[in-house]
>>> print(open('input_6.cif').read())   # mmCIF, C-alpha atoms and all ligand atoms
data_protein
#
loop_
_atom_site.group_PDB
_atom_site.id
_atom_site.type_symbol
_atom_site.label_atom_id
_atom_site.label_comp_id
_atom_site.auth_asym_id
_atom_site.auth_seq_id
_atom_site.Cartn_x
_atom_site.Cartn_y
_atom_site.Cartn_z
ATOM 1 C CA MET V 1 -3.425 -17.424 7.881
ATOM 2 C CA THR V 2 -3.176 -20.837 9.532
ATOM 3 C CA GLN V 3 -2.494 -23.519 6.972
ATOM 4 C CA ARG V 4 -4.998 -26.164 7.988
ATOM 5 C CA HIS V 5 -5.405 -28.071 4.758
ATOM 6 C CA GLY V 6 -1.833 -28.947 3.918
ATOM 7 C CA SER V 7 0.126 -26.818 1.447
ATOM 8 C CA ASN V 8 -1.460 -23.392 1.258
ATOM 9 C CA ARG V 9 -4.976 -24.391 0.224
ATOM 10 C CA ASN V 10 -7.200 -22.513 2.581
ATOM 11 C CA ARG V 11 -10.956 -22.881 2.901
ATOM 12 C CA ILE V 12 -12.257 -19.343 2.528
ATOM 13 C CA LEU V 13 -15.870 -18.249 2.941
ATOM 14 C CA ILE V 14 -16.994 -15.347 0.765
ATOM 15 C CA ILE V 15 -20.158 -13.599 1.958
ATOM 16 C CA GLY V 16 -21.344 -11.720 -1.132
ATOM 17 C CA GLY V 17 -19.362 -14.073 -3.370
ATOM 18 C CA THR V 18 -21.950 -13.790 -6.153
ATOM 19 C CA GLY V 19 -21.667 -9.989 -6.359
ATOM 20 C CA SER V 20 -19.750 -7.960 -8.929
ATOM 21 C CA ILE V 21 -16.682 -7.828 -6.649
ATOM 22 C CA GLY V 22 -17.238 -11.105 -4.796
ATOM 23 C CA ARG V 23 -17.299 -13.098 -8.044
ATOM 24 C CA LEU V 24 -13.851 -11.741 -8.943
ATOM 25 C CA VAL V 25 -12.516 -12.442 -5.437
ATOM 26 C CA THR V 26 -13.893 -15.981 -5.517
ATOM 27 C CA ALA V 27 -12.484 -16.746 -8.974
ATOM 28 C CA ARG V 28 -9.073 -15.337 -8.029
ATOM 29 C CA LEU V 29 -8.919 -17.368 -4.816
ATOM 30 C CA ALA V 30 -9.790 -20.512 -6.792
ATOM 31 C CA GLU V 31 -7.123 -19.609 -9.363
ATOM 32 C CA LEU V 32 -4.568 -19.301 -6.551
ATOM 33 C CA GLY V 33 -5.423 -22.834 -5.411
ATOM 34 C CA HIS V 34 -7.589 -21.992 -2.410
ATOM 35 C CA ARG V 35 -10.986 -23.495 -1.678
ATOM 36 C CA PRO V 36 -13.626 -20.772 -1.863
ATOM 37 C CA ARG V 37 -17.039 -21.336 -0.339
ATOM 38 C CA VAL V 38 -19.882 -18.944 -1.161
ATOM 39 C CA LEU V 39 -23.029 -18.350 0.865
ATOM 40 C CA THR V 40 -25.898 -17.247 -1.357
ATOM 41 C CA ARG V 41 -29.658 -16.965 -1.403
ATOM 42 C CA ASP V 42 -29.738 -18.386 -4.934
ATOM 43 C CA PRO V 43 -27.406 -21.372 -5.356
ATOM 44 C CA ASP V 44 -28.472 -22.165 -8.950
ATOM 45 C CA ARG V 45 -27.636 -18.652 -10.113
ATOM 46 C CA ALA V 46 -24.380 -18.799 -8.134
ATOM 47 C CA ARG V 47 -23.283 -22.044 -9.793
ATOM 48 C CA ARG V 48 -23.874 -20.506 -13.220
ATOM 49 C CA SER V 49 -21.622 -17.523 -12.466
ATOM 50 C CA LEU V 50 -18.811 -19.118 -10.443
ATOM 51 C CA PRO V 51 -15.996 -21.535 -11.315
ATOM 52 C CA VAL V 52 -17.036 -25.173 -10.836
ATOM 53 C CA ALA V 53 -14.479 -25.672 -8.059
ATOM 54 C CA VAL V 54 -16.331 -23.209 -5.818
ATOM 55 C CA GLU V 55 -18.410 -24.714 -3.027
ATOM 56 C CA VAL V 56 -21.855 -23.106 -3.059
ATOM 57 C CA ARG V 57 -23.954 -23.059 0.120
ATOM 58 C CA ALA V 58 -27.577 -21.939 0.126
ATOM 59 C CA GLY V 59 -28.656 -19.658 2.950
ATOM 60 C CA LYS V 60 -29.610 -16.236 4.186
ATOM 61 C CA LEU V 61 -27.639 -13.985 6.498
ATOM 62 C CA ALA V 62 -30.693 -13.851 8.740
ATOM 63 C CA ASP V 63 -30.541 -17.625 9.280
ATOM 64 C CA PRO V 64 -27.998 -18.322 12.052
ATOM 65 C CA THR V 65 -27.979 -22.062 11.296
ATOM 66 C CA ALA V 66 -27.031 -21.409 7.654
ATOM 67 C CA VAL V 67 -24.303 -18.921 8.604
ATOM 68 C CA ARG V 68 -22.930 -21.282 11.244
ATOM 69 C CA ALA V 69 -22.749 -24.094 8.686
ATOM 70 C CA ALA V 70 -21.079 -21.733 6.202
ATOM 71 C CA VAL V 71 -18.305 -20.667 8.611
ATOM 72 C CA HIS V 72 -17.709 -24.207 9.839
ATOM 73 C CA GLY V 73 -14.130 -25.248 9.144
ATOM 74 C CA VAL V 74 -13.072 -22.103 7.301
ATOM 75 C CA ASP V 75 -9.590 -20.591 7.580
ATOM 76 C CA ALA V 76 -10.645 -17.070 6.624
ATOM 77 C CA ILE V 77 -13.649 -14.981 5.640
ATOM 78 C CA VAL V 78 -14.183 -12.307 2.995
ATOM 79 C CA MET V 79 -17.239 -10.043 3.152
ATOM 80 C CA THR V 80 -18.173 -8.261 -0.084
ATOM 81 C CA HIS V 81 -21.941 -8.301 0.411
ATOM 82 C CA GLY V 82 -24.254 -5.322 0.054
ATOM 83 C CA ALA V 83 -27.983 -4.725 -0.213
ATOM 84 C CA PRO V 84 -29.259 -3.106 -3.430
ATOM 85 C CA TYR V 85 -28.588 0.630 -3.308
ATOM 86 C CA GLY V 86 -31.694 2.772 -2.843
ATOM 87 C CA PHE V 87 -34.034 0.163 -1.445
ATOM 88 C CA GLY V 88 -31.987 -2.377 0.480
ATOM 89 C CA ASN V 89 -32.227 -3.257 4.125
ATOM 90 C CA TYR V 90 -28.767 -1.955 5.034
ATOM 91 C CA ALA V 91 -29.235 -2.621 8.729
ATOM 92 C CA ALA V 92 -29.912 -6.292 8.069
ATOM 93 C CA VAL V 93 -27.459 -6.833 5.215
ATOM 94 C CA ASP V 94 -24.597 -4.292 5.038
ATOM 95 C CA TYR V 95 -24.333 -4.108 8.827
ATOM 96 C CA GLY V 96 -26.097 -7.340 9.815
ATOM 97 C CA ALA V 97 -23.635 -9.610 8.047
ATOM 98 C CA VAL V 98 -20.910 -8.602 10.518
ATOM 99 C CA PRO V 99 -22.682 -9.653 13.755
ATOM 100 C CA ALA V 100 -24.082 -12.704 11.919
ATOM 101 C CA VAL V 101 -20.551 -13.886 11.118
ATOM 102 C CA LEU V 102 -19.212 -13.057 14.593
ATOM 103 C CA ASP V 103 -22.105 -14.967 16.137
ATOM 104 C CA ALA V 104 -21.473 -17.964 13.884
ATOM 105 C CA LEU V 105 -17.746 -17.962 14.682
ATOM 106 C CA GLY V 106 -18.542 -18.234 18.386
ATOM 107 C CA GLY V 107 -15.229 -16.664 19.410
ATOM 108 C CA HIS V 108 -13.126 -18.667 16.932
ATOM 109 C CA ARG V 109 -10.562 -16.276 15.416
ATOM 110 C CA VAL V 110 -9.912 -16.245 11.671
ATOM 111 C CA PRO V 111 -8.726 -13.436 9.385
ATOM 112 C CA VAL V 112 -11.655 -11.397 8.066
ATOM 113 C CA VAL V 113 -11.491 -8.927 5.179
ATOM 114 C CA LEU V 114 -14.490 -6.612 5.057
ATOM 115 C CA MET V 115 -15.290 -4.536 1.973
ATOM 116 C CA SER V 116 -16.819 -1.245 3.055
ATOM 117 C CA SER V 117 -16.802 2.016 1.067
ATOM 118 C CA ILE V 118 -15.179 5.401 0.813
ATOM 119 C CA GLY V 119 -17.323 8.071 2.434
ATOM 120 C CA VAL V 120 -18.266 6.126 5.555
ATOM 121 C CA THR V 121 -16.671 8.688 7.856
ATOM 122 C CA ALA V 122 -18.628 11.511 6.220
ATOM 123 C CA ALA V 123 -21.894 9.725 7.017
ATOM 124 C CA GLY V 124 -24.093 10.822 9.897
ATOM 125 C CA GLY V 125 -27.009 12.671 8.339
ATOM 126 C CA PRO V 126 -30.407 12.975 9.990
ATOM 127 C CA SER V 127 -31.519 9.528 8.785
ATOM 128 C CA ARG V 128 -29.207 6.548 8.736
ATOM 129 C CA ASP V 129 -28.135 5.518 5.265
ATOM 130 C CA VAL V 130 -26.063 2.700 3.814
ATOM 131 C CA LEU V 131 -22.743 4.359 4.748
ATOM 132 C CA ASP V 132 -23.787 4.754 8.397
ATOM 133 C CA TRP V 133 -24.556 1.036 8.552
ATOM 134 C CA LYS V 134 -21.288 0.158 6.867
ATOM 135 C CA ARG V 135 -19.393 2.326 9.368
ATOM 136 C CA SER V 136 -21.167 0.547 12.238
ATOM 137 C CA GLY V 137 -20.121 -2.783 10.710
ATOM 138 C CA GLU V 138 -16.520 -1.574 10.491
ATOM 139 C CA ARG V 139 -16.626 -0.458 14.127
ATOM 140 C CA LEU V 140 -17.999 -3.775 15.351
ATOM 141 C CA LEU V 141 -15.384 -5.745 13.426
ATOM 142 C CA ARG V 142 -12.530 -3.590 14.780
ATOM 143 C CA ALA V 143 -13.811 -3.999 18.323
ATOM 144 C CA SER V 144 -14.363 -7.747 17.974
ATOM 145 C CA GLY V 145 -10.700 -8.689 18.290
ATOM 146 C CA MET V 146 -10.747 -10.614 14.983
ATOM 147 C CA PRO V 147 -7.638 -10.264 12.823
ATOM 148 C CA TYR V 148 -9.250 -7.988 10.249
ATOM 149 C CA THR V 149 -8.545 -5.802 7.256
ATOM 150 C CA ILE V 150 -11.094 -3.234 6.095
ATOM 151 C CA VAL V 151 -10.966 -2.281 2.411
ATOM 152 C CA ARG V 152 -12.902 0.811 1.331
ATOM 153 C CA PRO V 153 -13.194 1.029 -2.457
ATOM 154 C CA GLY V 154 -13.712 4.184 -4.444
ATOM 155 C CA TRP V 155 -16.296 4.189 -7.226
ATOM 156 C CA PHE V 156 -16.345 0.975 -9.244
ATOM 157 C CA ASP V 157 -15.095 1.066 -12.851
ATOM 158 C CA ASP V 158 -15.797 4.756 -13.200
ATOM 159 C CA GLY V 159 -13.477 5.722 -16.058
ATOM 160 C CA SER V 160 -10.579 3.802 -14.520
ATOM 161 C CA ASP V 161 -10.235 0.994 -17.090
ATOM 162 C CA THR V 162 -6.849 2.129 -18.430
ATOM 163 C CA PHE V 163 -5.333 2.679 -14.962
ATOM 164 C CA GLN V 164 -2.801 0.024 -13.933
ATOM 165 C CA ARG V 165 -1.783 1.237 -10.501
ATOM 166 C CA VAL V 166 -3.517 0.383 -7.231
ATOM 167 C CA ASP V 167 -3.366 3.240 -4.744
ATOM 168 C CA LEU V 168 -3.923 2.508 -1.067
ATOM 169 C CA SER V 169 -4.704 5.487 1.152
ATOM 170 C CA GLN V 170 -6.102 6.154 4.625
ATOM 171 C CA GLY V 171 -8.248 8.691 6.445
ATOM 172 C CA ASP V 172 -11.229 8.547 4.053
ATOM 173 C CA LEU V 173 -10.264 11.973 2.713
ATOM 174 C CA ARG V 174 -11.438 11.603 -0.889
ATOM 175 C CA GLU V 175 -15.102 12.111 -1.638
ATOM 176 C CA TYR V 176 -14.620 10.670 -5.100
ATOM 177 C CA GLY V 177 -12.109 8.476 -6.888
ATOM 178 C CA PRO V 178 -12.493 5.647 -9.384
ATOM 179 C CA VAL V 179 -11.310 2.098 -8.897
ATOM 180 C CA ARG V 180 -11.319 -0.890 -11.208
ATOM 181 C CA ARG V 181 -13.389 -3.783 -9.905
ATOM 182 C CA ASP V 182 -10.479 -6.176 -10.497
ATOM 183 C CA HIS V 183 -8.243 -3.854 -8.446
ATOM 184 C CA VAL V 184 -10.730 -3.986 -5.566
ATOM 185 C CA ALA V 185 -10.843 -7.770 -5.778
ATOM 186 C CA GLU V 186 -7.048 -8.108 -5.930
ATOM 187 C CA THR V 187 -6.646 -5.790 -2.931
ATOM 188 C CA ILE V 188 -9.095 -7.923 -0.959
ATOM 189 C CA VAL V 189 -7.355 -11.165 -1.938
ATOM 190 C CA GLN V 190 -3.903 -9.769 -1.134
ATOM 191 C CA ALA V 191 -5.169 -8.361 2.177
ATOM 192 C CA LEU V 192 -6.381 -11.821 3.098
ATOM 193 C CA LEU V 193 -3.114 -13.511 2.185
ATOM 194 C CA THR V 194 -0.750 -10.861 3.596
ATOM 195 C CA GLU V 195 0.052 -10.793 7.301
ATOM 196 C CA SER V 196 1.054 -7.099 7.224
ATOM 197 C CA ALA V 197 -2.507 -6.179 6.202
ATOM 198 C CA ARG V 198 -3.987 -7.192 9.571
ATOM 199 C CA GLY V 199 -5.519 -4.525 11.762
ATOM 200 C CA ARG V 200 -5.517 -1.962 8.956
ATOM 201 C CA THR V 201 -8.149 0.133 7.216
ATOM 202 C CA VAL V 202 -7.359 1.254 3.684
ATOM 203 C CA GLU V 203 -9.106 2.991 0.833
ATOM 204 C CA VAL V 204 -8.391 1.650 -2.641
ATOM 205 C CA PHE V 205 -8.331 3.592 -5.911
ATOM 206 C CA SER V 206 -6.958 3.006 -9.395
ATOM 207 C CA ALA V 207 -4.458 5.460 -10.831
ATOM 208 C CA ASP V 208 -2.096 6.071 -13.675
ATOM 209 C CA GLY V 209 1.297 4.440 -13.244
ATOM 210 C CA PRO V 210 2.953 1.054 -12.808
ATOM 211 C CA ALA V 211 1.038 -1.871 -11.307
ATOM 212 C CA LEU V 212 1.443 -2.575 -7.592
ATOM 213 C CA THR V 213 3.430 -5.777 -7.125
ATOM 214 C CA ASP V 214 4.841 -5.573 -3.584
ATOM 215 C CA TRP V 215 1.678 -5.996 -1.538
ATOM 216 C CA PRO V 216 3.362 -6.760 1.816
ATOM 217 C CA SER V 217 5.240 -3.434 1.623
ATOM 218 C CA ALA V 218 2.134 -1.558 0.533
ATOM 219 C CA PHE V 219 0.167 -2.865 3.516
ATOM 220 C CA ARG V 220 3.109 -2.330 5.864
ATOM 221 C CA ALA V 221 3.250 1.298 4.756
ATOM 222 C CA ALA V 222 -0.335 1.746 5.926
ATOM 223 C CA GLU V 223 -0.635 2.691 9.581
ATOM 224 C CA PRO V 224 -2.365 0.071 11.752
ATOM 225 C CA ASP V 225 -5.575 1.023 13.524
ATOM 226 C CA ARG V 226 -5.127 1.821 17.209
ATOM 227 C CA PRO V 227 -6.125 -1.145 19.376
ATOM 228 C CA GLY V 228 -9.367 -0.369 21.177
ATOM 229 C CA ASP V 229 -10.255 2.467 18.801
ATOM 230 C CA LEU V 230 -13.516 1.947 16.934
ATOM 231 C CA ASP V 231 -12.510 4.089 13.958
ATOM 232 C CA GLY V 232 -9.751 3.781 11.374
ATOM 233 C CA VAL V 233 -6.422 5.209 12.489
ATOM 234 C CA ARG V 234 -6.526 8.321 10.319
ATOM 235 C CA ASP V 235 -10.296 8.752 10.226
ATOM 236 C CA ARG V 236 -12.027 11.846 11.530
ATOM 237 C CA PRO V 237 -13.637 10.809 14.830
ATOM 238 C CA GLY V 238 -16.865 8.864 14.423
ATOM 239 C CA PRO V 239 -20.025 9.487 16.410
ATOM 240 C CA PRO V 240 -20.058 8.674 20.130
ATOM 241 C CA LEU V 241 -21.202 5.178 20.953
ATOM 242 C CA ALA V 242 -24.360 6.586 22.476
ATOM 243 C CA ALA V 243 -25.336 7.725 18.965
ATOM 244 C CA GLU V 244 -25.164 4.184 17.571
ATOM 245 C CA PRO V 245 -28.523 2.382 17.320
ATOM 246 C CA GLU V 246 -29.383 0.205 20.306
ATOM 247 C CA GLY V 247 -28.963 -2.961 18.194
ATOM 248 C CA VAL V 248 -25.371 -1.983 17.358
ATOM 249 C CA ARG V 249 -24.629 -1.205 21.004
ATOM 250 C CA ALA V 250 -26.059 -4.591 21.996
ATOM 251 C CA ASP V 251 -23.785 -6.267 19.433
ATOM 252 C CA LEU V 252 -20.793 -4.318 20.790
ATOM 253 C CA ARG V 253 -21.600 -5.477 24.321
ATOM 254 C CA ARG V 254 -21.811 -9.036 23.057
ATOM 255 C CA PHE V 255 -18.910 -9.245 20.614
ATOM 256 C CA ALA V 256 -16.497 -6.626 22.002
ATOM 257 C CA PRO V 257 -16.163 -7.584 25.656
ATOM 258 C CA THR V 258 -13.038 -5.467 26.098
ATOM 259 C CA LEU V 259 -14.914 -2.207 25.457
ATOM 260 C CA PRO V 260 -15.762 -0.656 28.812
ATOM 261 C CA ASP V 261 -19.475 -1.112 29.581
ATOM 262 C CA THR V 262 -19.700 2.500 30.619
ATOM 263 C CA GLU V 263 -18.882 3.625 27.089
ATOM 264 C CA ILE V 264 -21.543 1.434 25.463
HETATM 265 N N1 LIG Z 1 -20.793 0.878 -6.802
HETATM 266 C C1 LIG Z 1 -19.752 1.510 -6.256
HETATM 267 O O1 LIG Z 1 -19.095 2.342 -6.874
HETATM 268 C C2 LIG Z 1 -19.371 1.177 -4.832
HETATM 269 C C3 LIG Z 1 -18.277 1.816 -4.248
HETATM 270 C C4 LIG Z 1 -17.893 1.472 -2.945
HETATM 271 C C5 LIG Z 1 -18.610 0.489 -2.259
HETATM 272 N N2 LIG Z 1 -19.679 -0.096 -2.861
HETATM 273 C C6 LIG Z 1 -20.419 -1.117 -2.106
HETATM 274 O O2 LIG Z 1 -20.235 -2.362 -2.721
HETATM 275 C C7 LIG Z 1 -21.362 -3.167 -2.459
HETATM 276 C C8 LIG Z 1 -21.811 -3.843 -3.727
HETATM 277 O O3 LIG Z 1 -20.806 -4.666 -4.185
HETATM 278 P P1 LIG Z 1 -21.088 -5.543 -5.456
HETATM 279 O O4 LIG Z 1 -21.308 -4.676 -6.654
HETATM 280 O O5 LIG Z 1 -20.022 -6.589 -5.505
HETATM 281 O O6 LIG Z 1 -22.449 -6.254 -5.012
HETATM 282 P P2 LIG Z 1 -23.636 -6.774 -5.881
HETATM 283 O O7 LIG Z 1 -23.180 -7.184 -7.245
HETATM 284 O O8 LIG Z 1 -24.777 -5.834 -5.764
HETATM 285 O O9 LIG Z 1 -23.979 -8.108 -5.067
HETATM 286 C C9 LIG Z 1 -24.441 -8.029 -3.758
HETATM 287 C C10 LIG Z 1 -23.995 -9.259 -2.990
HETATM 288 O O10 LIG Z 1 -24.528 -9.144 -1.670
HETATM 289 C C11 LIG Z 1 -25.328 -10.251 -1.406
HETATM 290 N N3 LIG Z 1 -26.594 -9.826 -0.804
HETATM 291 C C12 LIG Z 1 -27.394 -8.833 -1.146
HETATM 292 N N4 LIG Z 1 -28.498 -8.813 -0.385
HETATM 293 C C13 LIG Z 1 -28.383 -9.816 0.442
HETATM 294 C C14 LIG Z 1 -29.216 -10.324 1.457
HETATM 295 N N5 LIG Z 1 -30.403 -9.787 1.763
HETATM 296 N N6 LIG Z 1 -28.782 -11.386 2.120
HETATM 297 C C15 LIG Z 1 -27.601 -11.934 1.805
HETATM 298 N N7 LIG Z 1 -26.758 -11.496 0.857
HETATM 299 C C16 LIG Z 1 -27.171 -10.459 0.172
HETATM 300 C C17 LIG Z 1 -25.667 -10.921 -2.720
HETATM 301 O O11 LIG Z 1 -25.763 -12.319 -2.477
HETATM 302 P P3 LIG Z 1 -26.875 -13.293 -3.140
HETATM 303 O O12 LIG Z 1 -27.754 -12.467 -4.036
HETATM 304 O O13 LIG Z 1 -26.071 -14.308 -3.903
HETATM 305 O O14 LIG Z 1 -27.579 -13.895 -1.981
HETATM 306 C C18 LIG Z 1 -24.498 -10.558 -3.586
HETATM 307 O O15 LIG Z 1 -23.468 -11.523 -3.495
HETATM 308 C C19 LIG Z 1 -22.455 -2.286 -1.958
HETATM 309 O O16 LIG Z 1 -22.631 -2.575 -0.587
HETATM 310 C C20 LIG Z 1 -21.910 -0.883 -2.135
HETATM 311 O O17 LIG Z 1 -22.309 -0.001 -1.101
HETATM 312 C C21 LIG Z 1 -20.071 0.204 -4.108
#
>>> encode(input="input_6.cif", output="structure tokens")
Amino acid sequence: MTQRHGSNRNRILIIGGTGSIGRLVTARLAELGHRPRVLTRDPDRARRSLPVAVEVRAGKLADPTAVRAAVHGVDAIVMTHGAPYGFGNYAAVDYGAVPAVLDALGGHRVPVVLMSSIGVTAAGGPSRDVLDWKRSGERLLRASGMPYTIVRPGWFDDGSDTFQRVDLSQGDLREYGPVRRDHVAETIVQALLTESARGRTVEVFSADGPALTDWPSAFRAAEPDRPGDLDGVRDRPGPPLAAEPEGVRADLRRFAPTLPDTEI
């Protein structure tokens, strides 16, 4: 990450910074001496739940002016947002945050860590669900040319509280696997701060065993995604581009100019 504020104090925007994972990411970044900035629909609630040093900006993802102001001057972006499961507008939130951020960046390149989910590559049922929209967001981010890392957590805090080890894997092969929320947050923070995490897609689980301490090696051990490929390097092939909704294809045409037009 470019050091633009002297020492290593980076201005980092967290989209979803008030969420159960985003709060942990934000607090950890503040603890490490960075300058987190959170975009939220409810700034009063955000201030009550976040460390005082965190800069809170009011705004909605659907408001390009608010998102542009939020990305202004940042060194990196974390995305841990998500619409409420079962009744959320996944197209607008889980997916929509990605084009909203790319639009606001206007071609400016900064490291982006996107939290997605295990199971995205098994999506593709008759009606689009949250995982389909998350996979589309992953695909757009990969194609955008941003220096990215995609982190796909297992199931949050599901009987994993005594596990100390963080397990990174690839290929989205596990339908189930627990992960501690603090392990998800630490993986996201380390992905942001570790150069060897760029261009990689990893799943994260908690397991029995010693804690992970050598993050650069752990990320280096993960295979990088293939440049120009919309899917993670070890993923089963995703749907053809023609099967993506027109709005996603329009975003790909706009934000992924290196993809051949004929494919979109
Ligand atoms: N539960 C699991 O086991 C599991 C496993 C893998 C992945 N996931 C994924 O993790 C995500 C949830 O993470 P979490 O528990 O940290 O989230 P959370 O506590 O539900 O918080 C959601 C965050 O997203 C933001 N958000 C929601 N709707 C929004 C909207 N319309 N506009 C702008 N921002 C919006 C919220 O911001 P404000 O309210 O502050 O505006 C909040 O910061 C979900 O997408 C889920 O699919 C969950």
>>> closest_atom_pairs(input="input_6.cif", of="chain V", to="ligand LIG 1 (chain Z)", cutoff="8 Å", atoms="only C-alpha atoms and all ligand atoms", output="tab-separated table")
residue	atom	partner	partner_atom	distance
V:Ile15	CA	Z:LIG1	O15	6.7
V:Gly16	CA	Z:LIG1	O15	3.2
V:Gly17	CA	Z:LIG1	O15	4.8
V:Thr18	CA	Z:LIG1	O15	3.8
V:Gly19	CA	Z:LIG1	O9	3.2
V:Ser20	CA	Z:LIG1	O5	3.7
V:Ile21	CA	Z:LIG1	O5	3.7
V:Gly22	CA	Z:LIG1	O5	5.4
V:Arg23	CA	Z:LIG1	O5	7.5
V:Leu39	CA	Z:LIG1	O13	7.0
V:Thr40	CA	Z:LIG1	O14	3.8
V:Arg41	CA	Z:LIG1	O14	3.8
V:Asp42	CA	Z:LIG1	O13	5.6
V:Pro43	CA	Z:LIG1	O13	7.3
V:Arg45	CA	Z:LIG1	O13	7.7
V:Ala46	CA	Z:LIG1	O13	6.4
V:Gly59	CA	Z:LIG1	O14	7.7
V:Lys60	CA	Z:LIG1	C15	5.3
V:Leu61	CA	Z:LIG1	C15	5.1
V:Ala62	CA	Z:LIG1	N6	7.3
V:Thr80	CA	Z:LIG1	O5	6.0
V:His81	CA	Z:LIG1	O10	3.4
V:Gly82	CA	Z:LIG1	O16	3.3
V:Ala83	CA	Z:LIG1	N4	4.1
V:Pro84	CA	Z:LIG1	O8	5.7
V:Tyr85	CA	Z:LIG1	O17	6.7
V:Gly88	CA	Z:LIG1	N4	7.4
V:Asn89	CA	Z:LIG1	N5	7.2
V:Ala92	CA	Z:LIG1	N5	7.2
V:Val93	CA	Z:LIG1	N5	5.4
V:Asp94	CA	Z:LIG1	O16	6.2
V:Ala97	CA	Z:LIG1	C15	7.8
V:Met115	CA	Z:LIG1	O2	7.2
V:Ser116	CA	Z:LIG1	C5	5.9
V:Ser117	CA	Z:LIG1	C5	4.1
V:Ile118	CA	Z:LIG1	C4	6.1
V:Val130	CA	Z:LIG1	O17	6.7
V:Leu131	CA	Z:LIG1	O17	7.3
V:Arg152	CA	Z:LIG1	C4	6.6
V:Pro153	CA	Z:LIG1	C4	4.7
V:Gly154	CA	Z:LIG1	C3	5.1
V:Trp155	CA	Z:LIG1	O1	3.4
V:Phe156	CA	Z:LIG1	O1	3.9
V:Asp157	CA	Z:LIG1	O1	7.3
V:Asp158	CA	Z:LIG1	O1	7.5
V:Pro178	CA	Z:LIG1	O1	7.8
>>> atom_distance(input="input_6.cif", atom1="CA of Asp172 in chain V", atom2="CA of Thr201 in chain V")
9.5 Å
>>> closest_residue(input="input_6.cif", among="V:Pro126, V:Gly209, V:Gly73, V:Pro147", to="Ala191 in chain V", atoms="all atoms listed in the file")
V:Pro147
>>> atom_distance(input="input_6.cif", atom1="CA of Thr149 in chain V", atom2="CA of Thr258 in chain V")
19.4 Å
>>> atom_distance(input="input_6.cif", atom1="CA of Glu203 in chain V", atom2="CA of Arg253 in chain V")
27.9 Å
>>> resolve_selection(input="input_6.cif", expression="the PyMOL selection byres (((chain V and resi 210-224) around 6) and not hetatm)", output="list in words")
Gln164, Arg165, Val166, Ser196, Ala197, Gly199, Arg200, Gly209 and Asp225 of chain V
>>> resolve_selection(input="input_6.cif", expression="the PyMOL selection byres (((chain V and resi 24) around 12) and not hetatm)", output="JSON, numbers by chain")
{"V": [14, 16, 17, 18, 19, 20, 21, 22, 23, 25, 26, 27, 28, 29, 30, 31, 36, 49, 50, 51, 78, 80, 180, 181, 182, 183, 184, 185, 186, 187, 188, 189]}
>>> closest_atom_pairs(input="input_6.cif", of="range 3-119 of chain V", to="range 141-145 of chain V", cutoff="9 Å", atoms="only C-alpha atoms", output="Markdown table")
| residue | atom | partner | partner_atom | distance |
| --- | --- | --- | --- | --- |
| V:Val98 | CA | V:Leu141 | CA | 6.9 |
| V:Pro99 | CA | V:Leu141 | CA | 8.3 |
| V:Leu102 | CA | V:Ser144 | CA | 7.9 |
| V:Arg109 | CA | V:Gly145 | CA | 8.1 |
| V:Val112 | CA | V:Leu141 | CA | 8.6 |
| V:Leu114 | CA | V:Leu141 | CA | 8.5 |
>>> closest_residue(input="input_6.cif", among="V:Leu13, V:Asp167, V:Gly177, V:Ala207", to="Val101 in chain V", atoms="all atoms listed in the file")
V:Leu13
>>> residues_around(input="input_6.cif", residues="Ile12 in chain V", least_positions_apart="2", cutoff="6 Å", atoms="all atoms listed in the file", output="PDB file with C-alpha atoms, keeping the file's coordinate frame")
ATOM      1  CA  ASN V  10      -7.200 -22.513   2.581  1.00  0.00           C
ATOM      2  CA  PRO V  36     -13.626 -20.772  -1.863  1.00  0.00           C
ATOM      3  CA  ARG V  37     -17.039 -21.336  -0.339  1.00  0.00           C
ATOM      4  CA  VAL V  74     -13.072 -22.103   7.301  1.00  0.00           C
ATOM      5  CA  ASP V  75      -9.590 -20.591   7.580  1.00  0.00           C
ATOM      6  CA  ALA V  76     -10.645 -17.070   6.624  1.00  0.00           C
ATOM      7  CA  ILE V  77     -13.649 -14.981   5.640  1.00  0.00           C
TER       8      ILE V  77
END
>>> axis_aligned_box(input="input_6.cif", around="range 93-108 of chain V", padding_each_side="6 Å", output="AutoDock Vina command-line options")
--center_x -20.3 --center_y -11.4 --center_z 12.2 --size_x 26.3 --size_y 26.6 --size_z 26.4
